[in-house]
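Text of the file final.txt, holding compact mmCIF, C-alpha atoms:
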# COMPACT_ATOMS: atom_id res chain seq x y z
CA MET A 1 4.98 44.50 75.93
CA ALA A 2 5.05 42.10 73.01
CA LYS A 3 8.42 40.52 72.19
CA LYS A 4 9.92 41.20 68.81
CA PRO A 5 10.01 38.07 66.63
CA ASP A 6 13.52 36.65 66.55
CA ILE A 7 14.41 35.90 62.93
CA LEU A 8 16.98 33.26 63.89
CA HIS A 9 14.41 31.48 66.06
CA ILE A 10 11.87 31.56 63.22
CA ILE A 11 14.46 30.08 60.85
CA ILE A 12 15.33 27.31 63.31
CA VAL A 13 11.63 26.50 63.87
CA ALA A 14 11.03 26.41 60.11
CA ALA A 15 14.08 24.20 59.55
CA ILE A 16 13.03 21.74 62.25
CA PHE A 17 9.46 21.71 60.92
CA ILE A 18 10.69 20.96 57.40
CA GLY A 19 13.10 18.33 58.71
CA LEU A 20 10.38 16.52 60.67
CA GLU A 21 7.93 16.64 57.76
CA VAL A 22 10.55 15.32 55.37
CA ALA A 23 11.40 12.52 57.82
CA ALA A 24 7.70 11.66 58.16
CA LEU A 25 7.25 11.65 54.39
CA ALA A 26 10.34 9.48 53.94
CA MET A 27 8.89 6.92 56.35
CA LEU A 28 5.48 7.20 54.74
CA ARG A 29 7.03 6.63 51.33
CA ASN A 30 8.43 3.28 52.46
CA SER A 31 5.23 2.07 54.07
CA GLY A 32 2.82 1.91 51.12
CA GLU A 33 2.94 1.51 47.34
CA ALA A 34 0.39 4.25 46.73
CA GLN A 35 2.19 6.62 49.09
CA ASN A 36 5.49 5.78 47.44
CA ALA A 37 4.13 6.64 43.99
CA TRP A 38 2.35 9.74 45.28
CA ILE A 39 5.39 11.13 47.13
CA SER A 40 7.71 10.24 44.25
CA LYS A 41 5.42 12.11 41.89
CA GLY A 42 5.44 15.13 44.22
CA VAL A 43 9.22 15.01 44.65
CA ASN A 44 9.73 14.72 40.90
CA GLY A 45 7.35 17.61 40.29
CA PHE A 46 9.21 19.71 42.84
CA ASN A 47 12.59 18.80 41.36
CA SER A 48 11.39 19.58 37.85
CA SER A 49 10.07 22.95 38.90
CA VAL A 50 13.29 23.80 40.81
CA TRP A 51 15.48 22.68 37.90
CA GLY A 52 13.19 24.43 35.43
CA THR A 53 13.42 27.67 37.37
CA THR A 54 17.21 27.36 37.72
CA GLU A 55 17.46 26.68 34.01
CA ARG A 56 15.27 29.68 33.18
CA ILE A 57 17.36 31.96 35.40
CA GLY A 58 20.56 30.62 33.78
CA SER A 59 19.10 31.14 30.31
CA TYR A 60 18.05 34.68 31.20
CA PHE A 61 21.59 35.63 32.22
CA GLY A 62 22.97 33.96 29.10
CA LEU A 63 20.66 35.90 26.79
CA ARG A 64 23.14 38.70 26.10
CA LYS A 65 25.78 36.24 24.85
CA GLN A 66 23.19 34.33 22.83
CA ASN A 67 21.88 37.57 21.31
CA ASP A 68 25.37 38.63 20.27
CA SER A 69 25.95 35.30 18.61
CA LEU A 70 22.54 35.36 16.88
CA ALA A 71 23.09 38.92 15.67
CA ALA A 72 26.45 37.92 14.16
CA GLU A 73 24.88 34.88 12.53
CA ASN A 74 21.98 36.97 11.28
CA PHE A 75 24.38 39.45 9.72
CA ARG A 76 26.32 36.67 7.98
CA LEU A 77 23.10 35.14 6.62
CA ARG A 78 21.78 38.46 5.35
CA MET A 79 25.05 39.19 3.62
CA ALA A 80 25.05 35.73 2.05
CA LEU A 81 21.56 36.42 0.78
CA GLU A 82 22.57 39.77 -0.63
CA LYS A 83 25.54 38.15 -2.35
CA LEU A 84 23.21 35.99 -4.35
CA ASN A 85 22.07 39.16 -6.12
CA TYR A 86 25.31 41.10 -6.34
CA ASP A 87 28.90 40.34 -7.21
CA SER A 88 30.82 40.86 -4.03
CA LYS A 89 34.07 40.46 -2.20
CA GLY A 90 34.31 39.64 1.51
CA VAL A 91 36.51 41.55 3.93
CA GLU A 92 37.00 40.22 7.49
CA ASP A 93 34.48 42.09 9.64
CA THR A 94 32.67 43.94 6.85
CA GLU A 95 30.86 42.75 3.75
CA ILE A 96 30.76 44.47 0.40
CA VAL A 97 27.58 44.14 -1.64
CA GLY A 98 27.22 46.17 -4.80
CA SER A 99 28.44 49.70 -4.13
CA PHE A 100 27.75 49.44 -0.39
CA HIS A 101 29.79 47.86 2.30
CA PHE A 102 28.11 46.72 5.48
CA THR A 103 29.52 46.64 8.99
CA PRO A 104 27.65 45.06 11.90
CA ALA A 105 27.56 47.21 15.04
CA THR A 106 26.06 47.26 18.50
CA ILE A 107 24.36 50.24 20.08
CA VAL A 108 26.21 51.20 23.25
CA ARG A 109 24.17 54.27 24.10
CA HIS A 110 20.76 55.48 23.04
CA SER A 111 19.53 58.95 23.88
CA GLN A 112 15.82 59.13 23.13
CA ASN A 113 14.57 61.85 25.38
CA SER A 114 14.09 64.72 22.98
CA GLN A 115 13.38 65.70 19.41
CA HIS A 116 17.10 65.22 18.73
CA SER A 117 17.74 61.59 19.58
CA TYR A 118 21.14 60.11 18.90
CA LEU A 119 22.92 56.79 19.28
CA ILE A 120 26.50 55.73 19.89
CA LEU A 121 27.74 52.62 18.07
CA ASN A 122 30.71 50.46 19.04
CA LYS A 123 32.41 50.84 15.66
CA GLY A 124 34.71 53.72 14.72
CA SER A 125 37.36 54.84 12.26
CA ILE A 126 39.52 51.84 13.19
CA ASP A 127 36.73 49.69 11.69
CA ASN A 128 36.72 51.83 8.49
CA VAL A 129 33.51 53.57 9.49
CA ILE A 130 33.26 57.09 8.13
CA ALA A 131 30.99 60.04 8.84
CA GLY A 132 28.11 60.24 6.37
CA SER A 133 27.35 56.52 6.46
CA GLY A 134 23.84 55.19 6.99
CA VAL A 135 22.66 52.90 9.77
CA ILE A 136 19.98 50.30 9.06
CA THR A 137 18.33 47.13 10.28
CA PRO A 138 16.37 44.62 8.19
CA ASP A 139 13.24 46.48 9.35
CA GLY A 140 14.18 50.01 8.49
CA VAL A 141 16.45 52.97 8.74
CA VAL A 142 18.01 53.82 12.09
CA GLY A 143 19.82 57.05 11.20
CA TRP A 144 23.07 58.39 9.80
CA ILE A 145 26.55 58.80 11.20
CA ASP A 146 27.57 62.41 11.70
CA ALA A 147 30.81 61.91 13.63
CA VAL A 148 33.28 59.12 14.17
CA SER A 149 35.99 58.59 16.77
CA GLU A 150 38.57 55.85 16.79
CA HIS A 151 36.25 53.26 18.35
CA TYR A 152 32.79 54.79 18.30
CA ALA A 153 30.35 56.39 15.91
CA HIS A 154 27.77 59.08 16.72
CA VAL A 155 24.49 58.51 14.92
CA ILE A 156 21.72 61.03 14.37
CA SER A 157 18.66 58.88 14.90
CA PHE A 158 15.73 58.70 12.53
CA ASN A 159 13.69 59.84 15.56
CA ASN A 160 15.27 63.24 15.10
CA THR A 161 13.78 66.21 13.33
CA GLU A 162 17.00 66.67 11.31
CA THR A 163 16.80 63.27 9.59
CA VAL A 164 15.19 62.91 6.17
CA VAL A 165 15.20 59.71 4.14
CA SER A 166 14.41 59.29 0.47
CA ALA A 167 11.61 56.70 0.26
CA ARG A 168 9.25 55.28 -2.31
CA VAL A 169 5.76 53.85 -2.25
CA GLY A 170 3.70 52.11 -4.89
CA ARG A 171 4.37 49.45 -7.49
CA ASP A 172 6.77 51.44 -9.68
CA ASP A 173 9.58 53.82 -8.87
CA THR A 174 7.57 56.97 -9.52
CA GLY A 175 6.17 57.37 -5.99
CA VAL A 176 9.34 58.76 -4.42
CA GLY A 177 9.15 61.28 -1.59
CA THR A 178 10.83 62.29 1.62
CA LEU A 179 10.25 60.40 4.83
CA ARG A 180 10.75 62.07 8.18
CA TRP A 181 9.83 61.31 11.77
CA ASP A 182 6.42 62.65 12.82
CA GLY A 183 7.90 63.87 16.10
CA ILE A 184 5.11 62.29 18.13
CA THR A 185 5.42 58.52 18.42
CA HIS A 186 8.53 56.35 18.08
CA THR A 187 7.05 54.41 15.16
CA GLY A 188 5.28 57.22 13.35
CA ALA A 189 6.60 58.99 10.24
CA ILE A 190 5.37 61.23 7.42
CA LEU A 191 6.08 60.53 3.78
CA SER A 192 5.56 63.75 1.84
CA GLU A 193 6.03 65.20 -1.65
CA VAL A 194 5.05 61.94 -3.36
CA PRO A 195 3.91 62.77 -6.90
CA PHE A 196 0.17 62.25 -7.43
CA GLN A 197 -0.43 58.85 -9.03
CA GLU A 198 -3.03 56.13 -9.31
CA GLY A 199 -3.05 52.93 -7.26
CA VAL A 200 -1.35 54.09 -4.07
CA GLU A 201 -3.46 53.14 -1.08
CA PRO A 202 -3.23 53.01 2.69
CA GLY A 203 -1.50 49.75 3.69
CA ASP A 204 1.12 49.93 0.93
CA THR A 205 4.71 49.28 1.99
CA VAL A 206 7.21 52.12 2.00
CA TYR A 207 10.80 51.29 0.95
CA THR A 208 14.06 53.19 0.74
CA SER A 209 14.32 54.60 -2.76
CA GLY A 210 18.05 54.05 -3.19
CA TYR A 211 18.36 57.62 -4.53
CA SER A 212 20.43 58.78 -1.57
CA SER A 213 24.03 57.75 -1.15
CA LEU A 214 23.33 56.74 2.48
CA PHE A 215 21.02 53.77 2.22
CA PRO A 216 20.66 50.89 -0.24
CA ALA A 217 17.37 50.60 -2.12
CA ASP A 218 14.39 48.48 -1.14
CA ILE A 219 14.77 48.32 2.62
CA PRO A 220 11.19 48.06 3.90
CA LEU A 221 10.48 50.96 6.25
CA GLY A 222 6.80 50.79 7.14
CA VAL A 223 3.25 50.89 5.80
CA THR A 224 1.15 53.85 4.76
CA LYS A 225 -1.83 54.74 6.90
CA LYS A 226 -3.76 57.91 6.19
CA VAL A 227 -3.25 59.72 2.92
CA LYS A 228 -3.72 63.42 2.10
CA VAL A 229 -3.64 65.11 -1.26
CA VAL A 230 -1.70 68.38 -1.06
CA ASN A 231 -2.55 71.10 -3.60
CA GLY A 232 -3.96 68.45 -5.90
CA ALA A 233 -0.42 67.53 -6.93
CA THR A 234 1.32 65.49 -4.26
CA PHE A 235 0.46 62.89 -1.65
CA THR A 236 1.37 63.04 2.02
CA PHE A 237 1.13 59.77 3.92
CA ASP A 238 1.14 58.96 7.59
CA VAL A 239 3.48 55.96 7.89
CA GLN A 240 3.61 53.27 10.56
CA LEU A 241 7.27 52.23 10.80
CA PHE A 242 8.25 48.56 11.18
CA GLN A 243 11.17 49.36 13.42
CA ASP A 244 10.76 50.68 16.96
CA LEU A 245 14.13 52.33 17.59
CA ARG A 246 13.75 52.09 21.37
CA LYS A 247 14.06 48.30 21.23
CA LEU A 248 17.20 48.15 19.10
CA ARG A 249 20.54 46.69 20.04
CA TYR A 250 22.12 45.44 16.82
CA VAL A 251 22.39 47.50 13.63
CA THR A 252 24.27 47.54 10.35
CA ILE A 253 26.36 50.47 9.12
CA THR A 254 26.08 51.06 5.37
CA SER A 255 28.81 52.99 3.57
CA ASN A 256 28.53 53.81 -0.10
CA ASN A 257 31.87 53.17 -1.80
CA ASP A 258 30.91 55.44 -4.70
CA ARG A 259 29.79 58.29 -2.48
CA VAL A 260 32.88 60.47 -3.07
CA GLU A 261 32.70 59.87 -6.83
CA ILE A 262 28.99 60.76 -6.88
CA GLN A 263 29.67 63.90 -4.86
CA ARG A 264 32.45 64.99 -7.22
CA LEU A 265 30.24 64.40 -10.24
CA THR A 266 27.41 66.41 -8.69
CA GLU A 267 29.77 69.25 -7.79
CA SER A 268 31.35 69.39 -11.27
CA ALA A 269 27.91 69.34 -12.89
CA SER A 270 26.75 72.25 -10.76
CA ASN A 271 29.98 74.14 -11.50
CA GLU A 272 29.39 73.70 -15.25
CA ASP A 273 25.84 75.00 -14.84
CA GLN A 274 27.14 78.09 -13.07
CA GLN A 275 29.67 78.75 -15.89
CA MET B 276 5.98 19.78 89.20
CA LYS B 277 3.05 17.56 90.14
CA THR B 278 0.96 19.18 87.46
CA SER B 279 3.67 18.47 84.93
CA SER B 280 3.98 14.79 85.85
CA ASP B 281 0.19 14.47 85.86
CA PHE B 282 0.11 15.93 82.38
CA ILE B 283 2.79 13.55 81.11
CA LEU B 284 0.98 10.57 82.59
CA LEU B 285 -2.37 11.63 81.14
CA TYR B 286 -0.71 12.35 77.78
CA LEU B 287 0.77 8.84 77.68
CA LEU B 288 -2.57 7.30 78.66
CA LEU B 289 -4.32 9.25 75.91
CA THR B 290 -1.69 8.03 73.42
CA ILE B 291 -2.59 4.48 74.44
CA ALA B 292 -6.27 5.40 74.05
CA GLN B 293 -5.51 6.59 70.53
CA LEU B 294 -3.81 3.27 69.79
CA ILE B 295 -6.91 1.45 70.96
CA LEU B 296 -9.07 3.70 68.76
CA CYS B 297 -6.86 2.95 65.78
CA ASN B 298 -6.57 -0.78 66.31
CA TYR B 299 -9.97 -1.77 67.65
CA LEU B 300 -12.48 0.95 66.88
CA GLY B 301 -12.07 1.40 63.17
CA MET B 302 -15.81 1.28 62.45
CA THR B 303 -15.69 2.47 58.86
CA THR B 304 -13.09 3.72 56.40
CA LEU B 305 -15.15 6.89 56.11
CA MET B 306 -14.48 7.85 59.71
CA HIS B 307 -11.11 8.44 61.30
CA LEU B 308 -11.20 9.06 65.04
CA THR B 309 -8.31 10.96 66.49
CA LEU B 310 -7.36 12.47 69.83
CA LEU B 311 -3.90 13.56 68.75
CA PRO B 312 -4.53 17.17 67.60
CA ALA B 313 -6.33 18.01 70.85
CA MET B 314 -3.52 16.39 72.83
CA VAL B 315 -0.94 18.50 71.01
CA LEU B 316 -3.09 21.60 71.49
CA CYS B 317 -3.02 20.97 75.24
CA ILE B 318 0.78 20.77 75.50
CA PRO B 319 1.57 23.54 78.03
CA LEU B 320 2.31 26.89 76.38
CA SER B 321 5.55 27.13 78.35
CA VAL B 322 6.84 24.44 75.99
CA GLY B 323 8.24 26.09 72.86
CA SER B 324 7.22 25.30 69.30
CA ILE B 325 10.37 23.27 68.63
CA TRP B 326 9.76 20.93 71.56
CA ALA B 327 6.05 20.79 70.77
CA MET B 328 6.85 19.67 67.23
CA LEU B 329 9.30 17.06 68.49
CA ILE B 330 6.71 15.76 70.98
CA ALA B 331 4.07 15.70 68.24
CA PHE B 332 6.42 13.86 65.90
CA ALA B 333 7.28 11.29 68.57
CA THR B 334 3.61 10.82 69.51
CA GLY B 335 2.55 10.43 65.87
CA LEU B 336 5.37 8.02 65.20
CA ALA B 337 4.54 5.95 68.29
CA VAL B 338 0.93 5.64 67.17
CA ASP B 339 2.08 4.75 63.64
CA LEU B 340 4.54 2.12 64.84
CA LEU B 341 2.31 0.53 67.44
CA GLY B 342 -0.92 0.91 65.53
CA ASP B 343 -1.84 -0.73 62.26
CA GLY B 344 -1.55 2.36 60.10
CA LEU B 345 1.05 3.63 57.70
CA ILE B 346 4.33 4.56 59.37
CA GLY B 347 4.85 8.32 59.28
CA LEU B 348 1.24 9.23 58.50
CA ASN B 349 0.20 10.50 61.96
CA ALA B 350 3.61 12.12 62.45
CA PHE B 351 3.27 13.92 59.10
CA ALA B 352 -0.18 15.28 59.94
CA LEU B 353 0.52 16.12 63.59
CA VAL B 354 3.69 18.23 63.28
CA PRO B 355 1.90 21.13 61.50
CA ALA B 356 -0.74 21.11 64.25
CA ALA B 357 2.10 21.53 66.77
CA LEU B 358 3.69 24.30 64.71
CA LEU B 359 0.43 26.26 64.59
CA ARG B 360 -0.49 25.59 68.23
CA LYS B 361 0.74 28.93 69.64
CA PRO B 362 -0.59 31.12 66.79
CA LEU B 363 -3.95 29.32 67.10
CA VAL B 364 -4.16 29.73 70.87
CA GLY B 365 -2.99 33.34 70.53
CA SER B 366 -5.65 34.18 67.95
CA ILE B 367 -8.50 32.55 69.90
CA PHE B 368 -7.58 33.19 73.54
CA GLY B 369 -5.43 36.28 73.03
CA ARG B 370 -1.69 36.93 72.75
CA ASP B 371 -1.58 37.41 76.50
CA MET B 372 -2.35 33.76 77.05
CA VAL B 373 0.68 32.75 74.97
CA GLU B 374 3.02 35.34 76.49
CA ARG B 375 2.04 34.43 80.05
CA ALA B 376 2.21 30.74 79.08
CA GLY B 377 -1.24 30.41 80.68
CA LYS B 378 -3.51 27.43 80.62
CA PHE B 379 -6.87 27.40 78.90
CA SER B 380 -9.81 25.20 79.81
CA ILE B 381 -13.50 24.87 79.07
CA TYR B 382 -14.35 26.03 82.58
CA LYS B 383 -12.11 29.07 82.47
CA ASN B 384 -12.42 30.22 78.87
CA GLY B 385 -15.80 28.86 77.86
CA LEU B 386 -16.92 26.03 75.58
CA PHE B 387 -16.98 27.91 72.28
CA PRO B 388 -13.38 29.23 72.19
CA CYS B 389 -12.11 25.82 73.27
CA ALA B 390 -14.31 24.07 70.70
CA GLY B 391 -13.09 26.52 68.03
CA ALA B 392 -9.45 25.81 68.79
CA THR B 393 -10.07 22.05 68.88
CA VAL B 394 -12.03 22.06 65.60
CA ILE B 395 -9.37 24.10 63.77
CA SER B 396 -6.51 21.97 65.05
CA THR B 397 -8.41 18.75 64.25
CA ALA B 398 -9.41 20.01 60.80
CA LEU B 399 -5.79 20.78 59.95
CA PHE B 400 -4.70 17.34 61.15
CA LEU B 401 -7.50 15.51 59.32
CA ALA B 402 -6.99 17.41 56.08
CA LEU B 403 -3.34 16.37 55.96
CA TYR B 404 -4.01 12.86 57.24
CA ILE B 405 -6.80 12.12 54.74
CA PHE B 406 -4.89 13.76 51.89
CA ALA B 407 -1.75 11.71 52.56
CA ASP B 408 -3.69 8.52 53.32
CA GLY B 409 -5.53 8.81 49.99
CA ALA B 410 -2.22 9.46 48.18
CA GLY B 411 -4.05 10.63 45.08
CA GLU B 412 -5.65 7.19 44.69
CA ARG B 413 -9.04 7.99 46.22
CA PRO B 414 -11.55 10.32 44.59
CA PHE B 415 -12.00 13.80 45.99
CA TRP B 416 -15.58 13.16 47.08
CA PHE B 417 -14.45 10.20 49.18
CA ASN B 418 -11.83 12.29 50.96
CA LEU B 419 -14.36 15.09 51.46
CA VAL B 420 -17.01 12.76 52.94
CA ARG B 421 -14.37 11.20 55.17
CA PHE B 422 -13.30 14.64 56.35
CA ILE B 423 -16.88 15.80 56.96
CA ILE B 424 -17.72 12.68 58.99
CA SER B 425 -14.43 12.58 60.90
CA LEU B 426 -14.22 16.25 61.86
CA PRO B 427 -17.23 16.52 64.24
CA THR B 428 -16.62 13.13 65.88
CA SER B 429 -12.90 13.73 66.37
CA SER B 430 -13.55 17.31 67.55
CA ALA B 431 -16.03 16.01 70.14
CA LEU B 432 -13.40 13.54 71.35
CA GLY B 433 -10.89 16.38 71.30
CA LEU B 434 -13.05 18.45 73.65
CA ILE B 435 -13.07 15.52 76.08
CA VAL B 436 -9.28 15.30 75.77
CA LEU B 437 -9.03 19.04 76.45
CA ASN B 438 -11.18 18.63 79.52
CA VAL B 439 -9.03 15.74 80.73
CA LEU B 440 -5.67 17.44 80.17
CA ASN B 441 -6.70 20.97 81.31
CA PRO B 442 -9.37 20.37 83.95
CA ARG B 443 -8.37 22.31 86.99
CA GLU B 444 -8.60 26.03 86.58
CA ARG B 445 -12.13 27.24 86.98
CA ARG B 446 -13.65 30.57 86.12

Could you take the file, read its structure, and then write that structure out as structure tokens?
Amino acid sequence: MAKKPDILHIIIVAAIFIGLEVAALAMLRNSGEAQNAWISKGVNGFNSSVWGTTERIGSYFGLRKQNDSLAAENFRLRMALEKLNYDSKGVEDTEIVGSFHFTPATIVRHSQNSQHSYLILNKGSIDNVIAGSGVITPDGVVGWIDAVSEHYAHVISFNNTETVVSARVGRDDTGVGTLRWDGITHTGAILSEVPFQEGVEPGDTVYTSGYSSLFPADIPLGVTKKVKVVNGATFTFDVQLFQDLRKLRYVTITSNNDRVEIQRLTESASNEDQQ
Amino acid sequence: MKTSSDFILLYLLLTIAQLILCNYLGMTTLMHLTLLPAMVLCIPLSVGSIWAMLIAFATGLAVDLLGDGLIGLNAFALVPAALLRKPLVGSIFGRDMVERAGKFSIYKNGLFPCAGATVISTALFLALYIFADGAGERPFWFNLVRFIISLPTSSALGLIVLNVLNPRERR
């Protein structure tokens, strides 16, 4: 009957083998110039590769911290850029630009296994986040906040059949329609009810229109692909989104400071119409 | 016991023969004659891998120190041959041979298995020896030609060594 290999014995044999080879190489290194250079080159190569690997492993585990710091820096830079165009006033953790104030947030949970995807953000009412705010990235719309707790916010994702975003396409502001998830791929959307107009082609960029109180205008969302003319009056576009929501970690919450005022105005106008 | 002392004596004599080969029979730089891998291959299988490696290291070092070569070169090339001695014997002559710590010989096991084991052990030794001796300074073709010339001559010497160290058991 064959003996089972003894792991400890194998380790001892390997250690002695390595020890003897290293001893032989050390002696060889001292006995010839060429061998010295050759072994030194090999040792240096080995050291570099070991240190390189150690460094890569260390960097990998430090990525989360680095990402957090980069996201914060990115947010500060974007806000600084926005401030060049708008009069603004800074508040500690949030930034106010025009009628919107922006709050950086991190996604702590992402449910993406159905037609009703949602996200949980690490900012809540204690951070002045309110329900009805939008959630964006520089590459598109993420969703809207439907509920807020003290420390967290629940976001209805754009990859959700309930979410509709007002978007525009074309060179002027006339090509405004509604953008919704296509329900098939994570980066597919449909822009519909765009008034028929000249000069709109596949490949054009789709932006937020700024007509909703959730999202600021001119956030690039994606590019148009196929176009259909519906009833000879409106366009419907297939849109390839820039942002893949599955890969997100850092987002920005957008709250419209004038939202309540706009709502009141709309309500009073509709009341007057009814009278 | 007598067999063991005979083996040790023959092993020492063959080490001296290797020294003579190194010091006085270096005919060309393209040919390296060696008995060492065959000598290590013939170390009785009752001797474990650790002791075989230590014996190989000591033998290689003795040849390096007393010969006119680079110190550590033979030791460097011979230790792997000692490490792979049992797996090599096991794969050619069967695991039984290793487990029973049996003795193989040309008369008992035939010329071809013994030649195979000798050639493989010698090839491993020569590959490492020529590679380390060249130290990246010599072109690949030179090392290859040296290996091709040295392997059959050293293997033939190795078969003689095998016949000297393991002569007794007949089929």

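Proximity to chain A at a cut-off of 7 Å picks out Ile325, Leu345, Ile346, Gly347, Leu348, Ala350, Phe351, Ala410 and Gly411 of chain B on chain B, counting all atoms listed in the file.
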
Prev. selection, C-alpha atoms, output as a short mmCIF file (atom, residue, chain, number, x, y, z; two decimals), in the coordinates of the input:
data_model
loop_
_atom_site.label_atom_id
_atom_site.label_comp_id
_atom_site.auth_asym_id
_atom_site.auth_seq_id
_atom_site.Cartn_x
_atom_site.Cartn_y
_atom_site.Cartn_z
CA ILE B 325 10.37 23.27 68.63
CA LEU B 345 1.05 3.63 57.70
CA ILE B 346 4.33 4.56 59.37
CA GLY B 347 4.85 8.32 59.28
CA LEU B 348 1.24 9.23 58.50
CA ALA B 350 3.61 12.12 62.45
CA PHE B 351 3.27 13.92 59.10
CA ALA B 410 -2.22 9.46 48.18
CA GLY B 411 -4.05 10.63 45.08
#

Can you report as lines of an AutoDock Vina configuration file the centre and edge lengths in Å, to one decimal, of an axis-aligned box around the listed atoms of range 342-360 of chain B padded with 5 Å on each side?
center_x = 1.5
center_y = 12.8
center_z = 63.0
size_x = 16.7
size_y = 37.0
size_z = 20.5

Ref. answer, residues at most 9 Å from (8.6, 53.4, 13.4) with only C-alpha atoms, as a PyMOL selection string: chain A and resi 140+158-159+181+185-189+221-222+239-245

Taking C-alpha atoms for each residue, export the selection above as a PDB file, keeping the file's coordinate frame.
ATOM      1  CA  GLY A 140      14.180  50.010   8.490  1.00  0.00           C
ATOM      2  CA  PHE A 158      15.730  58.700  12.530  1.00  0.00           C
ATOM      3  CA  ASN A 159      13.690  59.840  15.560  1.00  0.00           C
ATOM      4  CA  TRP A 181       9.830  61.310  11.770  1.00  0.00           C
ATOM      5  CA  THR A 185       5.420  58.520  18.420  1.00  0.00           C
ATOM      6  CA  HIS A 186       8.530  56.350  18.080  1.00  0.00           C
ATOM      7  CA  THR A 187       7.050  54.410  15.160  1.00  0.00           C
ATOM      8  CA  GLY A 188       5.280  57.220  13.350  1.00  0.00           C
ATOM      9  CA  ALA A 189       6.600  58.990  10.240  1.00  0.00           C
ATOM     10  CA  LEU A 221      10.480  50.960   6.250  1.00  0.00           C
ATOM     11  CA  GLY A 222       6.800  50.790   7.140  1.00  0.00           C
ATOM     12  CA  VAL A 239       3.480  55.960   7.890  1.00  0.00           C
ATOM     13  CA  GLN A 240       3.610  53.270  10.560  1.00  0.00           C
ATOM     14  CA  LEU A 241       7.270  52.230  10.800  1.00  0.00           C
ATOM     15  CA  PHE A 242       8.250  48.560  11.180  1.00  0.00           C
ATOM     16  CA  GLN A 243      11.170  49.360  13.420  1.00  0.00           C
ATOM     17  CA  ASP A 244      10.760  50.680  16.960  1.00  0.00           C
ATOM     18  CA  LEU A 245      14.130  52.330  17.590  1.00  0.00           C
TER      19      LEU A 245
END

In Å, with one decimal, what is the gap from CA of Ile330 in chain B to CA of Tyr286 in chain B?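 Computing it gives 10.6 Å between the two atoms.
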
Taking (26.1, 53.0, 22.2) in the file's coordinates as the center, which residues reach within 9 Å of it, counting all atoms listed in the file, put as a list of chain:residue names?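 Returned residue set, sorted by chain then number, is A:Thr106, A:Ile107, A:Val108, A:Arg109, A:His110, A:Leu119, A:Ile120, A:Leu121, A:Asn122, A:Tyr152, A:Ala153, A:His154, A:Arg249.
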
For CA of Glu261 in chain A and CA of Val129 in chain A, quote the distance in Å rounded to one decimal. 17.5 Å

Nearest to Leu341 in chain B, restricted to only C-alpha atoms and choosing among B:Ala292, B:Leu401, B:Leu419, B:Leu432, comes out as B:Ala292

Could you name the residues that touch Val420 in chain B at 8 Å or less, counting only C-alpha atoms, but leaving out those on the same chain fewer than 4 positions away, as a PyMOL selection string? chain B and resi 305+416+424

Just the selected residues (C-alpha atoms), exported as a CSV table (one decimal), in the coordinates of the input, please.
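File produced: again.csv:
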chain,number,residue,atom,x,y,z
B,305,LEU,CA,-15.2,6.9,56.1
B,416,TRP,CA,-15.6,13.2,47.1
B,424,ILE,CA,-17.7,12.7,59.0

Residue contacts of Ala331 in chain B (10 Å, all atoms listed in the file) excluding same-chain residues fewer than 4 positions away, as a count of residues only: 23

For Phe235 in chain A, list every protein, DNA or RNA residue within 9 Å, evaluated using all atoms listed in the file, and leave out those in the same chain fewer than 6 positions away; present the list as a count of residues only. 11

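When CA of His151 in chain A is paired with CA of Leu248 in chain A, their separation reads 19.7 Å.
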
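If you measure from each of A:Tyr207, A:Tyr118, A:Phe100, A:Tyr250 to Thr137 in chain A using all atoms listed in the file, the closest one turns out to be A:Tyr250.
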